[in-house]
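Dumped target23.pdb below, it's PDB, C-alpha atoms and all ligand atoms:
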```
ATOM      1  CA  PRO A1089       0.000   0.000   0.000  1.00  0.00           C
ATOM      2  CA  GLY A1090       1.010   3.641  -0.574  1.00  0.00           C
ATOM      3  CA  ALA A1091       0.877   6.528   1.898  1.00  0.00           C
ATOM      4  CA  GLN A1092      -1.781   6.061   4.570  1.00  0.00           C
ATOM      5  CA  ASP A1093      -2.275   9.804   4.906  1.00  0.00           C
ATOM      6  CA  LEU A1094      -6.057   9.502   5.395  1.00  0.00           C
ATOM      7  CA  ALA A1095      -5.772   6.965   8.226  1.00  0.00           C
ATOM      8  CA  GLY A1096      -8.078   7.747  11.142  1.00  0.00           C
ATOM      9  CA  LEU A1097     -10.443   9.796   8.973  1.00  0.00           C
ATOM     10  CA  ARG A1098     -14.052   8.952   8.227  1.00  0.00           C
ATOM     11  CA  VAL A1099     -15.019  10.145   4.764  1.00  0.00           C
ATOM     12  CA  THR A1100     -18.347  10.004   2.959  1.00  0.00           C
ATOM     13  CA  VAL A1101     -18.558  10.334  -0.806  1.00  0.00           C
ATOM     14  CA  SER A1102     -21.751  10.598  -2.850  1.00  0.00           C
ATOM     15  CA  ALA A1103     -21.718   9.175  -6.364  1.00  0.00           C
ATOM     16  CA  GLY A1104     -24.073   8.598  -9.259  1.00  0.00           C
ATOM     17  CA  GLY A1105     -27.208  10.476 -10.215  1.00  0.00           C
ATOM     18  CA  THR A1106     -30.518  10.867  -8.419  1.00  0.00           C
ATOM     19  CA  ARG A1107     -33.867   9.823  -9.872  1.00  0.00           C
ATOM     20  CA  GLU A1108     -37.162  11.570  -9.295  1.00  0.00           C
ATOM     21  CA  TYR A1109     -40.158   9.326  -9.792  1.00  0.00           C
ATOM     22  CA  LEU A1110     -43.235  10.310 -11.805  1.00  0.00           C
ATOM     23  CA  ASP A1111     -44.864   6.975 -10.969  1.00  0.00           C
ATOM     24  CA  PRO A1112     -43.624   3.523  -9.819  1.00  0.00           C
ATOM     25  CA  VAL A1113     -41.843   2.830 -13.116  1.00  0.00           C
ATOM     26  CA  ARG A1114     -40.922   6.241 -14.585  1.00  0.00           C
ATOM     27  CA  PHE A1115     -38.425   8.810 -13.412  1.00  0.00           C
ATOM     28  CA  LEU A1116     -36.523  11.953 -14.372  1.00  0.00           C
ATOM     29  CA  GLY A1117     -32.812  11.221 -14.146  1.00  0.00           C
ATOM     30  CA  ASN A1118     -29.402  12.027 -15.546  1.00  0.00           C
ATOM     31  CA  ARG A1119     -26.502  10.285 -17.258  1.00  0.00           C
ATOM     32  CA  SER A1120     -24.036  10.258 -14.343  1.00  0.00           C
ATOM     33  CA  SER A1121     -22.285   6.868 -14.144  1.00  0.00           C
ATOM     34  CA  GLY A1122     -20.899   7.394 -10.644  1.00  0.00           C
ATOM     35  CA  ARG A1123     -17.328   6.741 -11.785  1.00  0.00           C
ATOM     36  CA  GLN A1124     -15.806   9.934 -10.352  1.00  0.00           C
ATOM     37  CA  GLY A1125     -17.321   9.344  -6.913  1.00  0.00           C
ATOM     38  CA  ILE A1126     -16.294   5.694  -7.002  1.00  0.00           C
ATOM     39  CA  ALA A1127     -12.712   6.669  -7.889  1.00  0.00           C
ATOM     40  CA  LEU A1128     -12.724   9.091  -4.935  1.00  0.00           C
ATOM     41  CA  ALA A1129     -14.071   6.438  -2.545  1.00  0.00           C
ATOM     42  CA  ARG A1130     -11.583   3.813  -3.696  1.00  0.00           C
ATOM     43  CA  ALA A1131      -8.632   6.232  -3.477  1.00  0.00           C
ATOM     44  CA  ALA A1132      -9.632   7.300   0.046  1.00  0.00           C
ATOM     45  CA  ALA A1133      -9.844   3.660   1.172  1.00  0.00           C
ATOM     46  CA  ASP A1134      -6.416   2.960  -0.379  1.00  0.00           C
ATOM     47  CA  ARG A1135      -5.023   5.881   1.636  1.00  0.00           C
ATOM     48  CA  GLY A1136      -6.373   4.487   4.907  1.00  0.00           C
ATOM     49  CA  ALA A1137      -9.706   6.273   5.380  1.00  0.00           C
ATOM     50  CA  GLU A1138     -12.869   4.618   6.662  1.00  0.00           C
ATOM     51  CA  VAL A1139     -15.143   5.220   3.659  1.00  0.00           C
ATOM     52  CA  GLU A1140     -18.889   5.347   3.152  1.00  0.00           C
ATOM     53  CA  LEU A1141     -20.049   5.564  -0.461  1.00  0.00           C
ATOM     54  CA  VAL A1142     -23.571   6.914  -0.850  1.00  0.00           C
ATOM     55  CA  ALA A1143     -24.389   5.516  -4.258  1.00  0.00           C
ATOM     56  CA  ALA A1144     -27.310   6.917  -6.238  1.00  0.00           C
ATOM     57  CA  ASN A1145     -28.312   4.425  -8.922  1.00  0.00           C
ATOM     58  CA  VAL A1146     -24.781   3.177  -9.521  1.00  0.00           C
ATOM     59  CA  ASP A1147     -24.390  -0.075 -11.464  1.00  0.00           C
ATOM     60  CA  ALA A1148     -23.533  -2.787  -8.917  1.00  0.00           C
ATOM     61  CA  SER A1149     -20.610  -4.015 -11.031  1.00  0.00           C
ATOM     62  CA  LEU A1150     -18.854  -0.648 -10.499  1.00  0.00           C
ATOM     63  CA  LEU A1151     -19.025  -0.656  -6.683  1.00  0.00           C
ATOM     64  CA  PRO A1152     -15.583  -0.919  -5.061  1.00  0.00           C
ATOM     65  CA  GLU A1153     -14.592  -3.336  -2.328  1.00  0.00           C
ATOM     66  CA  GLY A1154     -13.531  -2.198   1.120  1.00  0.00           C
ATOM     67  CA  VAL A1155     -16.025   0.627   1.399  1.00  0.00           C
ATOM     68  CA  GLN A1156     -19.406   0.719   3.094  1.00  0.00           C
ATOM     69  CA  VAL A1157     -22.091   1.300   0.457  1.00  0.00           C
ATOM     70  CA  THR A1158     -25.390   3.047   1.159  1.00  0.00           C
ATOM     71  CA  ALA A1159     -27.673   2.777  -1.855  1.00  0.00           C
ATOM     72  CA  VAL A1160     -30.132   5.592  -2.557  1.00  0.00           C
ATOM     73  CA  GLU A1161     -32.352   6.534  -5.476  1.00  0.00           C
ATOM     74  CA  THR A1162     -33.947   9.925  -4.903  1.00  0.00           C
ATOM     75  CA  THR A1163     -32.560  13.307  -3.884  1.00  0.00           C
ATOM     76  CA  ALA A1164     -34.569  13.128  -0.645  1.00  0.00           C
ATOM     77  CA  GLN A1165     -32.874   9.803   0.208  1.00  0.00           C
ATOM     78  CA  LEU A1166     -29.429  11.185  -0.713  1.00  0.00           C
ATOM     79  CA  ASP A1167     -30.082  14.275   1.415  1.00  0.00           C
ATOM     80  CA  GLU A1168     -31.048  12.101   4.374  1.00  0.00           C
ATOM     81  CA  ALA A1169     -28.029   9.778   3.979  1.00  0.00           C
ATOM     82  CA  MET A1170     -25.517  12.645   3.682  1.00  0.00           C
ATOM     83  CA  HIS A1171     -26.852  14.500   6.713  1.00  0.00           C
ATOM     84  CA  ARG A1172     -26.833  11.288   8.757  1.00  0.00           C
ATOM     85  CA  SER A1173     -23.191  10.694   7.756  1.00  0.00           C
ATOM     86  CA  ALA A1174     -22.299  14.327   8.436  1.00  0.00           C
ATOM     87  CA  GLU A1175     -22.842  13.669  12.132  1.00  0.00           C
ATOM     88  CA  ARG A1176     -19.655  11.583  12.256  1.00  0.00           C
ATOM     89  CA  ALA A1177     -17.677  12.148   9.043  1.00  0.00           C
ATOM     90  CA  HIS A1178     -14.536  14.287   8.951  1.00  0.00           C
ATOM     91  CA  VAL A1179     -14.766  14.810   5.182  1.00  0.00           C
ATOM     92  CA  LEU A1180     -17.878  14.966   2.965  1.00  0.00           C
ATOM     93  CA  VAL A1181     -17.605  14.870  -0.815  1.00  0.00           C
ATOM     94  CA  MET A1182     -20.613  15.595  -3.047  1.00  0.00           C
ATOM     95  CA  ALA A1183     -19.684  13.977  -6.361  1.00  0.00           C
ATOM     96  CA  ALA A1184     -23.246  12.897  -7.196  1.00  0.00           C
ATOM     97  CA  ALA A1185     -25.262  14.593  -9.921  1.00  0.00           C
ATOM     98  CA  VAL A1186     -28.312  15.776  -8.025  1.00  0.00           C
ATOM     99  CA  ALA A1187     -31.579  16.472  -9.818  1.00  0.00           C
ATOM    100  CA  ASP A1188     -32.325  20.155  -9.327  1.00  0.00           C
ATOM    101  CA  PHE A1189     -36.070  19.541  -9.746  1.00  0.00           C
ATOM    102  CA  ARG A1190     -38.545  16.769  -8.974  1.00  0.00           C
ATOM    103  CA  PRO A1191     -42.153  16.202 -10.031  1.00  0.00           C
ATOM    104  CA  ALA A1192     -44.543  18.009  -7.681  1.00  0.00           C
ATOM    105  CA  THR A1193     -46.446  14.738  -7.261  1.00  0.00           C
ATOM    106  CA  THR A1194     -45.620  11.064  -7.755  1.00  0.00           C
ATOM    107  CA  ASN A1195     -48.495   8.867  -8.956  1.00  0.00           C
ATOM    108  CA  GLU A1196     -48.949   5.749  -6.831  1.00  0.00           C
ATOM    109  CA  THR A1197     -49.881   3.713  -9.884  1.00  0.00           C
ATOM    110  CA  LYS A1198     -48.580   3.688 -13.425  1.00  0.00           C
ATOM    111  CA  THR A1199     -49.761   6.749 -15.339  1.00  0.00           C
ATOM    112  CA  LYS A1200     -52.187   5.764 -18.109  1.00  0.00           C
ATOM    113  CA  LYS A1201     -52.270   7.168 -21.616  1.00  0.00           C
ATOM    114  CA  ARG A1202     -55.332   9.311 -22.142  1.00  0.00           C
ATOM    115  CA  GLY A1203     -57.852   8.109 -24.739  1.00  0.00           C
ATOM    116  CA  ASP A1204     -58.129  11.528 -26.357  1.00  0.00           C
ATOM    117  CA  GLY A1205     -54.379  11.704 -27.015  1.00  0.00           C
ATOM    118  CA  ALA A1206     -53.991  14.731 -24.741  1.00  0.00           C
ATOM    119  CA  VAL A1207     -50.619  15.142 -22.985  1.00  0.00           C
ATOM    120  CA  ALA A1208     -50.526  16.227 -19.339  1.00  0.00           C
ATOM    121  CA  PRO A1209     -47.764  18.670 -18.346  1.00  0.00           C
ATOM    122  CA  ILE A1210     -45.295  17.699 -15.603  1.00  0.00           C
ATOM    123  CA  GLU A1211     -45.190  20.204 -12.775  1.00  0.00           C
ATOM    124  CA  LEU A1212     -41.782  20.453 -11.120  1.00  0.00           C
ATOM    125  CA  VAL A1213     -40.655  21.741  -7.729  1.00  0.00           C
ATOM    126  CA  GLN A1214     -37.101  22.568  -6.695  1.00  0.00           C
ATOM    127  CA  ASN A1215     -34.988  20.081  -4.732  1.00  0.00           C
ATOM    128  CA  PRO A1216     -32.885  21.113  -1.738  1.00  0.00           C
ATOM    129  CA  ASP A1217     -29.221  21.946  -2.429  1.00  0.00           C
ATOM    130  CA  ILE A1218     -27.527  19.226  -0.367  1.00  0.00           C
ATOM    131  CA  LEU A1219     -24.015  20.652  -0.725  1.00  0.00           C
ATOM    132  CA  ALA A1220     -25.147  24.098   0.418  1.00  0.00           C
ATOM    133  CA  SER A1221     -26.884  22.686   3.484  1.00  0.00           C
ATOM    134  CA  LEU A1222     -23.861  20.500   4.379  1.00  0.00           C
ATOM    135  CA  VAL A1223     -21.707  23.654   4.198  1.00  0.00           C
ATOM    136  CA  GLN A1224     -24.209  25.598   6.301  1.00  0.00           C
ATOM    137  CA  GLN A1225     -24.320  22.905   8.995  1.00  0.00           C
ATOM    138  CA  LYS A1226     -20.612  22.086   8.865  1.00  0.00           C
ATOM    139  CA  ALA A1227     -19.122  20.905  12.168  1.00  0.00           C
ATOM    140  CA  SER A1228     -15.905  22.535  13.315  1.00  0.00           C
ATOM    141  CA  GLY A1229     -12.928  20.970  11.545  1.00  0.00           C
ATOM    142  CA  GLN A1230     -15.120  19.202   8.981  1.00  0.00           C
ATOM    143  CA  VAL A1231     -14.132  19.486   5.306  1.00  0.00           C
ATOM    144  CA  VAL A1232     -16.803  19.716   2.598  1.00  0.00           C
ATOM    145  CA  VAL A1233     -15.940  19.169  -1.070  1.00  0.00           C
ATOM    146  CA  GLY A1234     -18.197  19.807  -4.072  1.00  0.00           C
ATOM    147  CA  PHE A1235     -18.009  19.222  -7.796  1.00  0.00           C
ATOM    148  CA  ALA A1236     -19.246  21.519 -10.530  1.00  0.00           C
ATOM    149  CA  ALA A1237     -19.606  20.769 -14.196  1.00  0.00           C
ATOM    150  CA  GLU A1238     -19.423  24.041 -16.109  1.00  0.00           C
ATOM    151  CA  THR A1239     -19.628  25.141 -19.710  1.00  0.00           C
ATOM    152  CA  GLY A1240     -18.218  28.393 -21.016  1.00  0.00           C
ATOM    153  CA  ASP A1241     -20.671  30.813 -22.615  1.00  0.00           C
ATOM    154  CA  ALA A1242     -21.147  34.485 -23.494  1.00  0.00           C
ATOM    155  CA  GLU A1243     -21.322  35.386 -19.783  1.00  0.00           C
ATOM    156  CA  GLY A1244     -17.942  33.895 -18.986  1.00  0.00           C
ATOM    157  CA  SER A1245     -15.427  31.074 -19.240  1.00  0.00           C
ATOM    158  CA  VAL A1246     -15.633  27.724 -17.450  1.00  0.00           C
ATOM    159  CA  LEU A1247     -13.319  29.057 -14.747  1.00  0.00           C
ATOM    160  CA  GLU A1248     -15.155  32.347 -14.300  1.00  0.00           C
ATOM    161  CA  HIS A1249     -18.391  30.431 -13.750  1.00  0.00           C
ATOM    162  CA  GLY A1250     -16.513  28.027 -11.472  1.00  0.00           C
ATOM    163  CA  ARG A1251     -15.059  30.819  -9.322  1.00  0.00           C
ATOM    164  CA  ALA A1252     -18.471  32.450  -8.925  1.00  0.00           C
ATOM    165  CA  LYS A1253     -19.974  29.096  -7.948  1.00  0.00           C
ATOM    166  CA  ALA A1254     -17.154  28.374  -5.462  1.00  0.00           C
ATOM    167  CA  ARG A1255     -17.894  31.665  -3.676  1.00  0.00           C
ATOM    168  CA  ARG A1256     -21.634  31.042  -3.801  1.00  0.00           C
ATOM    169  CA  LYS A1257     -21.503  27.463  -2.504  1.00  0.00           C
ATOM    170  CA  GLY A1258     -18.836  28.063   0.159  1.00  0.00           C
ATOM    171  CA  ALA A1259     -17.420  24.528   0.069  1.00  0.00           C
ATOM    172  CA  ASP A1260     -13.849  24.185   1.346  1.00  0.00           C
ATOM    173  CA  LEU A1261     -12.961  22.805  -2.081  1.00  0.00           C
ATOM    174  CA  LEU A1262     -14.876  22.895  -5.349  1.00  0.00           C
ATOM    175  CA  ALA A1263     -13.648  20.720  -8.211  1.00  0.00           C
ATOM    176  CA  VAL A1264     -14.593  22.446 -11.456  1.00  0.00           C
ATOM    177  CA  ASN A1265     -14.909  20.373 -14.616  1.00  0.00           C
ATOM    178  CA  ALA A1266     -15.198  21.624 -18.158  1.00  0.00           C
ATOM    179  CA  VAL A1267     -18.056  19.761 -19.812  1.00  0.00           C
ATOM    180  CA  GLY A1268     -19.199  19.575 -23.378  1.00  0.00           C
ATOM    181  CA  THR A1269     -21.351  17.058 -25.155  1.00  0.00           C
ATOM    182  CA  ASP A1270     -18.591  14.444 -24.947  1.00  0.00           C
ATOM    183  CA  ARG A1271     -16.600  15.616 -21.885  1.00  0.00           C
ATOM    184  CA  GLY A1272     -17.004  14.749 -18.249  1.00  0.00           C
ATOM    185  CA  PHE A1273     -19.668  12.055 -18.406  1.00  0.00           C
ATOM    186  CA  GLY A1274     -19.024   8.337 -18.461  1.00  0.00           C
ATOM    187  CA  ASP A1275     -15.676   6.717 -19.009  1.00  0.00           C
ATOM    188  CA  VAL A1276     -13.855   9.655 -20.643  1.00  0.00           C
ATOM    189  CA  PRO A1277     -10.885  11.743 -19.530  1.00  0.00           C
ATOM    190  CA  ASN A1278     -11.631  14.669 -17.277  1.00  0.00           C
ATOM    191  CA  ALA A1279      -9.818  17.926 -16.418  1.00  0.00           C
ATOM    192  CA  VAL A1280     -10.343  19.679 -13.114  1.00  0.00           C
ATOM    193  CA  HIS A1281      -9.484  22.932 -11.315  1.00  0.00           C
ATOM    194  CA  LEU A1282      -9.712  22.805  -7.536  1.00  0.00           C
ATOM    195  CA  LEU A1283     -10.925  26.093  -6.074  1.00  0.00           C
ATOM    196  CA  ASP A1284     -11.204  27.192  -2.454  1.00  0.00           C
ATOM    197  CA  ALA A1285     -14.253  28.950  -0.966  1.00  0.00           C
ATOM    198  CA  GLY A1286     -12.874  32.286  -2.195  1.00  0.00           C
ATOM    199  CA  GLY A1287     -12.690  31.006  -5.762  1.00  0.00           C
ATOM    200  CA  THR A1288      -8.881  30.827  -5.818  1.00  0.00           C
ATOM    201  CA  ASP A1289      -7.067  27.959  -7.553  1.00  0.00           C
ATOM    202  CA  VAL A1290      -5.468  25.558  -5.076  1.00  0.00           C
ATOM    203  CA  ALA A1291      -4.623  22.727  -7.484  1.00  0.00           C
ATOM    204  CA  GLN A1292      -5.190  21.488 -10.969  1.00  0.00           C
ATOM    205  CA  GLY A1293      -5.499  17.990 -12.328  1.00  0.00           C
ATOM    206  CA  SER A1294      -6.064  16.458 -15.670  1.00  0.00           C
ATOM    207  CA  GLY A1295      -6.499  12.972 -16.951  1.00  0.00           C
ATOM    208  CA  SER A1296      -8.383  10.078 -15.497  1.00  0.00           C
ATOM    209  CA  LYS A1297     -10.931  10.110 -12.692  1.00  0.00           C
ATOM    210  CA  ASP A1298      -8.273   8.388 -10.555  1.00  0.00           C
ATOM    211  CA  ASP A1299      -5.923  11.346 -11.185  1.00  0.00           C
ATOM    212  CA  VAL A1300      -8.698  13.748 -10.206  1.00  0.00           C
ATOM    213  CA  ALA A1301      -9.286  11.720  -7.031  1.00  0.00           C
ATOM    214  CA  THR A1302      -5.581  11.960  -6.147  1.00  0.00           C
ATOM    215  CA  VAL A1303      -5.598  15.751  -6.625  1.00  0.00           C
ATOM    216  CA  VAL A1304      -8.691  16.097  -4.420  1.00  0.00           C
ATOM    217  CA  TRP A1305      -7.355  13.952  -1.554  1.00  0.00           C
ATOM    218  CA  ASP A1306      -3.916  15.638  -1.720  1.00  0.00           C
ATOM    219  CA  ALA A1307      -5.682  18.997  -1.323  1.00  0.00           C
ATOM    220  CA  VAL A1308      -7.817  17.678   1.570  1.00  0.00           C
ATOM    221  CA  VAL A1309      -4.669  16.411   3.342  1.00  0.00           C
ATOM    222  CA  ARG A1310      -2.978  19.815   2.815  1.00  0.00           C
ATOM    223  CA  LEU A1311      -6.016  21.599   4.216  1.00  0.00           C
ATOM    224  CA  LEU A1312      -6.187  19.388   7.307  1.00  0.00           C
ATOM    225  CA  THR A1313      -2.428  19.752   7.873  1.00  0.00           C
ATOM    226  CA  GLN A1314      -2.625  23.557   7.579  1.00  0.00           C
ATOM    227  CA  ARG A1315      -5.442  23.659  10.125  1.00  0.00           C
ATOM    228  CA  ASP A1316      -3.853  21.212  12.555  1.00  0.00           C
ATOM    229  CA  PRO A1317      -0.128  20.899  11.764  1.00  0.00           C
TER     230      PRO A1317
HETATM  231  O1  LIG A1401     -24.980  24.109  -8.699  1.00  0.00           O
HETATM  232  P1  LIG A1401     -24.491  22.786  -9.243  1.00  0.00           P
HETATM  233  O2  LIG A1401     -25.569  21.778  -9.426  1.00  0.00           O
HETATM  234  O3  LIG A1401     -23.579  22.921 -10.410  1.00  0.00           O
HETATM  235  O4  LIG A1401     -23.539  22.273  -8.071  1.00  0.00           O
HETATM  236  C1  LIG A1401     -22.934  21.033  -8.166  1.00  0.00           C
HETATM  237  C2  LIG A1401     -22.522  20.568  -6.791  1.00  0.00           C
HETATM  238  O5  LIG A1401     -23.600  20.731  -5.887  1.00  0.00           O
HETATM  239  C3  LIG A1401     -22.171  19.087  -6.765  1.00  0.00           C
HETATM  240  O6  LIG A1401     -21.217  18.878  -5.739  1.00  0.00           O
HETATM  241  C4  LIG A1401     -23.515  18.445  -6.433  1.00  0.00           C
HETATM  242  O7  LIG A1401     -23.346  17.193  -5.854  1.00  0.00           O
HETATM  243  C5  LIG A1401     -24.111  19.472  -5.487  1.00  0.00           C
HETATM  244  N1  LIG A1401     -25.577  19.598  -5.523  1.00  0.00           N
HETATM  245  C6  LIG A1401     -26.307  19.292  -4.389  1.00  0.00           C
HETATM  246  N2  LIG A1401     -27.682  19.418  -4.383  1.00  0.00           N
HETATM  247  C7  LIG A1401     -28.322  19.869  -5.472  1.00  0.00           C
HETATM  248  C8  LIG A1401     -27.587  20.212  -6.635  1.00  0.00           C
HETATM  249  C9  LIG A1401     -26.227  20.050  -6.621  1.00  0.00           C
HETATM  250  O8  LIG A1401     -25.706  18.904  -3.389  1.00  0.00           O
HETATM  251  N3  LIG A1401     -29.651  20.007  -5.442  1.00  0.00           N
END
```
Take the structure from the file and write it as structure tokens.
Amino acid sequence: PGAQDLAGLRVTVSAGGTREYLDPVRFLGNRSSGRQGIALARAAADRGAEVELVAANVDASLLPEGVQVTAVETTAQLDEAMHRSAERAHVLVMAAAVADFRPATTNETKTKKRGDGAVAPIELVQNPDILASLVQQKASGQVVVGFAAETGDAEGSVLEHGRAKARRKGADLLAVNAVGTDRGFGDVPNAVHLLDAGGTDVAQGSGSKDDVATVVWDAVVRLLTQRDP
């Protein structure tokens, strides 16, 4: 084994993508595979941490060994699992893709097609921002890490959007990804800037999700060492 620089730490990582059910068989979801969160969980375990992986709809074949897995489906379940873990975890990482909205109501039975061919609209309500509430309720000494997938546009570059988000979210570290139609999702290379709560660059990584995981945990170790040398 390599350096055990996370020994004695309890870390919780969320991975995957939440689903919001319209009825028992239909949901609104996203394409997150969970691979970045899984890479983070595996790397933390390799470095000696006690790891809980809160896995939202992650394919069972991808789940790593040596970590405690809590399976969730919806944002409400993820929210509950993260806040329960926050009571004892030293480090919380939100790598899951959380649905920003959910259907206002979930039908208890399968929604039927209407005979007249009419289509009913789906009313949405906003989900809680789990990362923001973990930051708000942060225990002293706890480290909270978020991820942000950004695209550049007329209003600003990927990094400009990332810096604004870092300041808005207030996480100790925000890993900012550039995403396009074929970047960032699934089993493809990823590039990341790590920003602090002030939006300043603290590290940069590029390459595989394992490389990104290494950059994140190195930064967490630096942060903990600075606070408690
Ligand atoms: O604002 P945005 O969705 O880009 O922020 C992404 C970060 O916030 C990720 O770490 C994600 O897990 C977290 N998030 C959350 N709850 C939401 C939306 C995003 O915790 N409702």
Open item on the list: Suppose a student applies the PyMOL selection byres (((chain A and resi 1286) around 12) and not hetatm) to this structure; what residues should they get, written as number ranges by chain?
Closed with: A: 1250-1262, 1282-1285, 1287-1290
Expected file contents, prior selection, C-alpha atoms, as a PDB file, in the coordinates of the input:
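Result saved to again_15.pdb:
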```
ATOM      1  CA  GLY A1250     -16.513  28.027 -11.472  1.00  0.00           C
ATOM      2  CA  ARG A1251     -15.059  30.819  -9.322  1.00  0.00           C
ATOM      3  CA  ALA A1252     -18.471  32.450  -8.925  1.00  0.00           C
ATOM      4  CA  LYS A1253     -19.974  29.096  -7.948  1.00  0.00           C
ATOM      5  CA  ALA A1254     -17.154  28.374  -5.462  1.00  0.00           C
ATOM      6  CA  ARG A1255     -17.894  31.665  -3.676  1.00  0.00           C
ATOM      7  CA  ARG A1256     -21.634  31.042  -3.801  1.00  0.00           C
ATOM      8  CA  LYS A1257     -21.503  27.463  -2.504  1.00  0.00           C
ATOM      9  CA  GLY A1258     -18.836  28.063   0.159  1.00  0.00           C
ATOM     10  CA  ALA A1259     -17.420  24.528   0.069  1.00  0.00           C
ATOM     11  CA  ASP A1260     -13.849  24.185   1.346  1.00  0.00           C
ATOM     12  CA  LEU A1261     -12.961  22.805  -2.081  1.00  0.00           C
ATOM     13  CA  LEU A1262     -14.876  22.895  -5.349  1.00  0.00           C
ATOM     14  CA  LEU A1282      -9.712  22.805  -7.536  1.00  0.00           C
ATOM     15  CA  LEU A1283     -10.925  26.093  -6.074  1.00  0.00           C
ATOM     16  CA  ASP A1284     -11.204  27.192  -2.454  1.00  0.00           C
ATOM     17  CA  ALA A1285     -14.253  28.950  -0.966  1.00  0.00           C
ATOM     18  CA  GLY A1287     -12.690  31.006  -5.762  1.00  0.00           C
ATOM     19  CA  THR A1288      -8.881  30.827  -5.818  1.00  0.00           C
ATOM     20  CA  ASP A1289      -7.067  27.959  -7.553  1.00  0.00           C
ATOM     21  CA  VAL A1290      -5.468  25.558  -5.076  1.00  0.00           C
TER      22      VAL A1290
END
```
Which residues are near ligand LIG 1401 (chain A) - at most 9 Å, using only C-alpha atoms and all ligand atoms? Format: as an mmCIF file with C-alpha atoms, in the frame of the given file.
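Printed below is part_12.cif as written:
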```cif
data_model
loop_
_atom_site.group_PDB
_atom_site.id
_atom_site.type_symbol
_atom_site.label_atom_id
_atom_site.label_comp_id
_atom_site.auth_asym_id
_atom_site.auth_seq_id
_atom_site.Cartn_x
_atom_site.Cartn_y
_atom_site.Cartn_z
ATOM 1 C CA SER A 1102 -21.751 10.598 -2.850
ATOM 2 C CA ALA A 1103 -21.718 9.175 -6.364
ATOM 3 C CA GLY A 1105 -27.208 10.476 -10.215
ATOM 4 C CA THR A 1163 -32.560 13.307 -3.884
ATOM 5 C CA LEU A 1166 -29.429 11.185 -0.713
ATOM 6 C CA ASP A 1167 -30.082 14.275 1.415
ATOM 7 C CA VAL A 1181 -17.605 14.870 -0.815
ATOM 8 C CA MET A 1182 -20.613 15.595 -3.047
ATOM 9 C CA ALA A 1183 -19.684 13.977 -6.361
ATOM 10 C CA ALA A 1184 -23.246 12.897 -7.196
ATOM 11 C CA ALA A 1185 -25.262 14.593 -9.921
ATOM 12 C CA VAL A 1186 -28.312 15.776 -8.025
ATOM 13 C CA ALA A 1187 -31.579 16.472 -9.818
ATOM 14 C CA ASP A 1188 -32.325 20.155 -9.327
ATOM 15 C CA PHE A 1189 -36.070 19.541 -9.746
ATOM 16 C CA GLN A 1214 -37.101 22.568 -6.695
ATOM 17 C CA ASN A 1215 -34.988 20.081 -4.732
ATOM 18 C CA PRO A 1216 -32.885 21.113 -1.738
ATOM 19 C CA ASP A 1217 -29.221 21.946 -2.429
ATOM 20 C CA ILE A 1218 -27.527 19.226 -0.367
ATOM 21 C CA LEU A 1219 -24.015 20.652 -0.725
ATOM 22 C CA ALA A 1220 -25.147 24.098 0.418
ATOM 23 C CA SER A 1221 -26.884 22.686 3.484
ATOM 24 C CA LEU A 1222 -23.861 20.500 4.379
ATOM 25 C CA VAL A 1233 -15.940 19.169 -1.070
ATOM 26 C CA GLY A 1234 -18.197 19.807 -4.072
ATOM 27 C CA PHE A 1235 -18.009 19.222 -7.796
ATOM 28 C CA ALA A 1236 -19.246 21.519 -10.530
ATOM 29 C CA ALA A 1237 -19.606 20.769 -14.196
ATOM 30 C CA GLU A 1238 -19.423 24.041 -16.109
ATOM 31 C CA GLY A 1250 -16.513 28.027 -11.472
ATOM 32 C CA LYS A 1253 -19.974 29.096 -7.948
ATOM 33 C CA LYS A 1257 -21.503 27.463 -2.504
ATOM 34 C CA ALA A 1259 -17.420 24.528 0.069
ATOM 35 C CA LEU A 1262 -14.876 22.895 -5.349
ATOM 36 C CA ALA A 1263 -13.648 20.720 -8.211
#
```
TODO: Any chance you could resolve the PyMOL selection byres (((chain A and resi 1306-1308) around 10) and not hetatm) against this file and give the residues as an MDAnalysis selection string?
DONE: chainID A and resid 1093:1094 1179 1231:1233 1260:1261 1282 1284 1290:1292 1300:1305 1309:1314
Open item on the list: Just checking: using only C-alpha atoms, which residue out of A:Val1213, A:Val1146, A:Ala1279, A:Val1157 ends up closest to Thr1100 (chain A)?
Closed with: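 Checking each of A:Val1213, A:Val1146, A:Ala1279, A:Val1157 against Thr1100 (chain A), counting only C-alpha atoms, the winner is A:Val1157.
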TODO: Carefully work through the PyMOL selection byres (((chain A and resi 1121) around 8) and not hetatm) for this structure and note down the residues it includes, as number ranges by chain.
DONE: A: 1104-1105, 1119-1120, 1122-1123, 1146-1147, 1273-1274
Open item on the list: When you look at Arg1172 (chain A) with a cut-off of 12 Å (counting only C-alpha atoms), what residues show up, excluding the ones that are within fewer than 2 positions of it in the same chain? I need them as a PyMOL selection string.
Closed with: chain A and resi 1100+1140+1142+1158+1165-1170+1174-1177+1180+1222+1225
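Between CA of Lys1297 (chain A) and CA of Pro1317 (chain A) the separation is 28.8 Å.
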TODO: Please measure the separation of CA of Val1139 (chain A) and CA of Val1155 (chain A), giving the value in Å to one decimal.
DONE: 5.2 Å
Please put the answer as JSON: centre and edge lengths, in Å with one decimal, of a box along x, y and z that encloses all listed atoms of region 1254-1258 of chain A plus 3 Å on each side.
```
{"center_x": -19.4, "center_y": 29.6, "center_z": -2.7, "size_x": 10.5, "size_y": 10.2, "size_z": 11.6}
```
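Atom pair CA of Thr1197 (chain A) / CA of Asp1111 (chain A): separated by 6.1 Å.
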Task: Expected answer as a list in words: all residues with atoms within 9 Å of (-1.7, 5.1, 3.9), all atoms listed in the file - done: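 In the file's frame, the residues around the point are Pro1089, Gly1090, Ala1091, Gln1092, Asp1093, Leu1094, Ala1095, Ala1133, Asp1134, Arg1135, Gly1136 and Ala1137 of chain A.
Candidate residues A:Leu1150, A:Val1101, A:Ala1132, A:Ala1266 were compared for distance to Asp1241 (chain A), and the nearest is A:Ala1266, using all atoms listed in the file.
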